[in-house]
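First up is the structure itself, then whatever we jot down about it.
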Amino acid sequence: MRIVIVGCGRVGSLLARRLASEGHAVSVIDEKPSAFERLGDDFDGEMVVGNGLEGATLRRAGIEKADGFAAVMPGDNRNLMAAQLARDIFKVPRVITRIYDPIRAEVFREMGLETICSTVIGASLIHDYFVDGVNRADAVAGAGGLKT
């Protein structure tokens, strides 16, 4: 698959490394060239410096041929806008966005966007640890050979 990721922070870089190591064609967009240092020297995907909300930047990253798109920038609103561009303008078949605010995540889902709310996931894992005594975060981190 060809995947475009907007945001090369902790989540974006980890996702990009994992997908690339599985043989997927990965393009990562970030405004800061230094962000790509997180990918390591062995990352064989594409690194695009630019604004992930601009059509020209998205095109340079190959969005017109993308099978998937992930918006994992620090801001919920920017992620929403990027996901809408990918879905509505570029017709990317699989679009997902990371959201921090659970209320916004629900609103975005109602708009038809696939969301991952890291706040809800984290709270659920901590809850399960207290209630069930099981640290499911270890299982999640270990799934698929994720290395932090």
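Convention: chains lettered A, B, ... in structure tokens order; per-chain residue numbering from 1; ligands numbered from 1 as shown.
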Neighbour list for range 90-94 of chain A as a compact mmCIF listing (two decimals) with C-alpha atoms, in the first residue's frame, cut-off 7 Å, only C-alpha atoms, skip fewer than 6 positions in-chain:
```txt
# COMPACT_ATOMS: atom_id res chain seq x y z
CA ILE A 63 -1.46 11.70 -2.21
CA GLU A 64 -3.06 11.32 -5.64
CA ALA A 66 -2.31 7.00 -1.95
CA ASP A 67 -4.25 4.06 -0.58
CA GLY A 68 -4.18 5.46 2.94
CA PHE A 69 -3.71 8.74 4.78
```
Handout entry: Contacts of Arg60 in chain A at 12 Å (only C-alpha atoms; same-chain gap of 6+ positions) as a count of residues only
Key = 13
Exercise for the section: Figure out the distance between CA of Glu31 in chain A and CA of Val11 in chain A, please, to one decimal in Å. Expected result: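 Separating CA of Val11 in chain A from CA of Glu31 in chain A is a distance of 15.5 Å.
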Exercise for the section: Excluding Ile121 in chain A and residues on its chain fewer than 5 positions from it, collect all residues at most 12 Å away from it, counting only C-alpha atoms, and give them as a PyMOL selection string. Expected result: chain A and resi 98-102+105+115-116+126-128+136-137+140
Let's have the selection written as a short mmCIF file (atom, residue, chain, number, x, y, z; two decimals), in the first residue's frame, with all heavy atoms.
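again23.cif, freshly written:
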```
data_model
loop_
_atom_site.label_atom_id
_atom_site.label_comp_id
_atom_site.auth_asym_id
_atom_site.auth_seq_id
_atom_site.Cartn_x
_atom_site.Cartn_y
_atom_site.Cartn_z
N ARG A 98 -5.79 11.21 14.16
CA ARG A 98 -5.60 11.11 15.60
C ARG A 98 -6.15 12.39 16.22
O ARG A 98 -5.85 13.50 15.80
CB ARG A 98 -4.11 10.96 15.93
CG ARG A 98 -3.79 10.65 17.37
CD ARG A 98 -3.44 11.84 18.24
NE ARG A 98 -2.59 12.82 17.62
CZ ARG A 98 -1.25 12.78 17.64
NH1 ARG A 98 -0.61 11.81 18.22
NH2 ARG A 98 -0.56 13.74 17.08
N ILE A 99 -6.96 12.21 17.26
CA ILE A 99 -7.60 13.32 17.96
C ILE A 99 -7.30 13.19 19.45
O ILE A 99 -7.29 12.09 20.00
CB ILE A 99 -9.14 13.28 17.74
CG1 ILE A 99 -9.48 13.32 16.25
CG2 ILE A 99 -9.84 14.40 18.49
CD1 ILE A 99 -9.07 14.57 15.53
N TYR A 100 -7.08 14.30 20.12
CA TYR A 100 -6.86 14.30 21.56
C TYR A 100 -8.17 14.47 22.33
O TYR A 100 -8.38 13.84 23.35
CB TYR A 100 -5.91 15.43 21.97
CG TYR A 100 -4.50 15.25 21.49
CD1 TYR A 100 -3.97 16.09 20.50
CD2 TYR A 100 -3.67 14.27 22.01
CE1 TYR A 100 -2.67 15.93 20.05
CE2 TYR A 100 -2.37 14.10 21.56
CZ TYR A 100 -1.88 14.94 20.59
OH TYR A 100 -0.60 14.78 20.14
N ASP A 101 -9.03 15.33 21.88
CA ASP A 101 -10.26 15.69 22.59
C ASP A 101 -11.37 14.69 22.29
O ASP A 101 -11.83 14.60 21.15
CB ASP A 101 -10.68 17.10 22.17
CG ASP A 101 -11.89 17.63 22.92
OD1 ASP A 101 -12.66 16.83 23.49
OD2 ASP A 101 -12.10 18.85 22.91
N PRO A 102 -11.85 13.95 23.29
CA PRO A 102 -12.89 12.95 23.05
C PRO A 102 -14.18 13.54 22.46
O PRO A 102 -14.85 12.89 21.66
CB PRO A 102 -13.16 12.36 24.44
CG PRO A 102 -11.94 12.65 25.24
CD PRO A 102 -11.38 13.94 24.67
N ALA A 105 -13.54 14.11 18.84
CA ALA A 105 -13.47 12.82 18.16
C ALA A 105 -14.87 12.34 17.79
O ALA A 105 -15.10 11.86 16.68
CB ALA A 105 -12.77 11.79 19.03
N THR A 115 -11.58 8.18 13.33
CA THR A 115 -10.72 8.83 14.32
C THR A 115 -10.15 7.81 15.29
O THR A 115 -10.74 6.76 15.54
CB THR A 115 -11.49 9.90 15.14
OG1 THR A 115 -12.52 9.26 15.87
CG2 THR A 115 -12.09 10.96 14.24
N ILE A 116 -8.99 8.15 15.81
CA ILE A 116 -8.38 7.45 16.93
C ILE A 116 -8.17 8.51 18.00
O ILE A 116 -7.47 9.50 17.77
CB ILE A 116 -7.00 6.86 16.54
CG1 ILE A 116 -7.14 5.79 15.47
CG2 ILE A 116 -6.27 6.34 17.77
CD1 ILE A 116 -7.79 4.51 15.94
N ILE A 126 -5.48 2.38 31.19
CA ILE A 126 -5.19 2.60 32.61
C ILE A 126 -6.34 2.06 33.46
O ILE A 126 -6.12 1.39 34.48
CB ILE A 126 -4.92 4.09 32.88
CG1 ILE A 126 -3.62 4.50 32.19
CG2 ILE A 126 -4.86 4.37 34.39
CD1 ILE A 126 -3.39 6.00 32.11
N HIS A 127 -7.57 2.31 33.04
CA HIS A 127 -8.74 1.77 33.72
C HIS A 127 -8.65 0.25 33.83
O HIS A 127 -8.85 -0.34 34.89
CB HIS A 127 -10.02 2.18 32.99
CG HIS A 127 -11.23 1.45 33.45
ND1 HIS A 127 -11.61 0.22 32.92
CD2 HIS A 127 -12.15 1.75 34.41
CE1 HIS A 127 -12.70 -0.19 33.53
NE2 HIS A 127 -13.06 0.71 34.43
N ASP A 128 -8.36 -0.41 32.70
CA ASP A 128 -8.27 -1.87 32.68
C ASP A 128 -7.17 -2.37 33.61
O ASP A 128 -7.32 -3.42 34.25
CB ASP A 128 -8.02 -2.38 31.26
CG ASP A 128 -9.23 -2.18 30.37
OD1 ASP A 128 -10.31 -1.78 30.86
OD2 ASP A 128 -9.08 -2.40 29.14
N ARG A 136 -2.60 -4.02 29.55
CA ARG A 136 -2.81 -4.30 28.13
C ARG A 136 -1.92 -3.41 27.25
O ARG A 136 -1.74 -3.70 26.08
CB ARG A 136 -4.27 -4.13 27.78
CG ARG A 136 -5.13 -5.25 28.35
CD ARG A 136 -6.58 -5.16 27.92
NE ARG A 136 -7.33 -6.29 28.40
CZ ARG A 136 -7.88 -6.37 29.60
NH1 ARG A 136 -7.74 -5.39 30.46
NH2 ARG A 136 -8.55 -7.44 29.96
N ALA A 137 -1.36 -2.37 27.82
CA ALA A 137 -0.46 -1.50 27.06
C ALA A 137 0.76 -2.27 26.58
O ALA A 137 1.28 -2.03 25.50
CB ALA A 137 -0.04 -0.29 27.89
N VAL A 140 -0.29 -4.10 23.50
CA VAL A 140 -0.45 -3.18 22.37
C VAL A 140 0.92 -2.77 21.84
O VAL A 140 1.17 -2.78 20.64
CB VAL A 140 -1.27 -1.93 22.79
CG1 VAL A 140 -1.25 -0.88 21.71
CG2 VAL A 140 -2.71 -2.33 23.13
#
```
Exercise for the section: For CA of Gln84 in chain A and CA of Ala25 in chain A, quote the distance in Å rounded to one decimal. Expected result: 21.8 Å
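Secondary structure from DSSP on the backbone puts strand (DSSP E or B) at the following positions of range 31-134 of chain A: Glu46, Met47, Val48, Val49, Gly68, Phe69, Ala70, Ala71, Arg94, Val95, Ile96, Thr97, Arg98, Ile99, Glu114, Thr115, Ile116 and Cys117 of chain A.
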Exercise for the section: Record the distance separating CA of His24 in chain A and CA of Gly122 in chain A, expressed in Å with one decimal. Expected result: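 Answer for the CA of His24 in chain A to CA of Gly122 in chain A separation: 27.4 Å.
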Exercise for the section: Name the residues in contact with Arg38 in chain A at a cut-off of 12 Å, using only C-alpha atoms, excluding same-chain residues fewer than 2 positions from it; report them as number ranges by chain. Expected result: A: 7-17, 28, 30, 32-36, 40-43, 47, 148
Exercise for the section: Going by DSSP on the backbone, which bits of chain A are alpha helix (DSSP H)? Write them as a VMD selection string, please. Expected result: chain A and resid 10 to 21 55 to 60 76 to 84 102 to 110 118 to 132 136 to 142
Exercise for the section: Write out as a ChimeraX atom specification the residues lying within 12 Å of Gly112 in chain A, counting only C-alpha atoms and excluding same-chain residues fewer than 6 positions away. Expected result: /A:80,83-84,87-88,94-97,105-106
Handout entry: Among listed residues A:Cys117, A:Leu19, A:Val134, A:Val6, nearest Ala86 in chain A (using only C-alpha atoms)
Key =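 Nearest to Ala86 in chain A: A:Val6.
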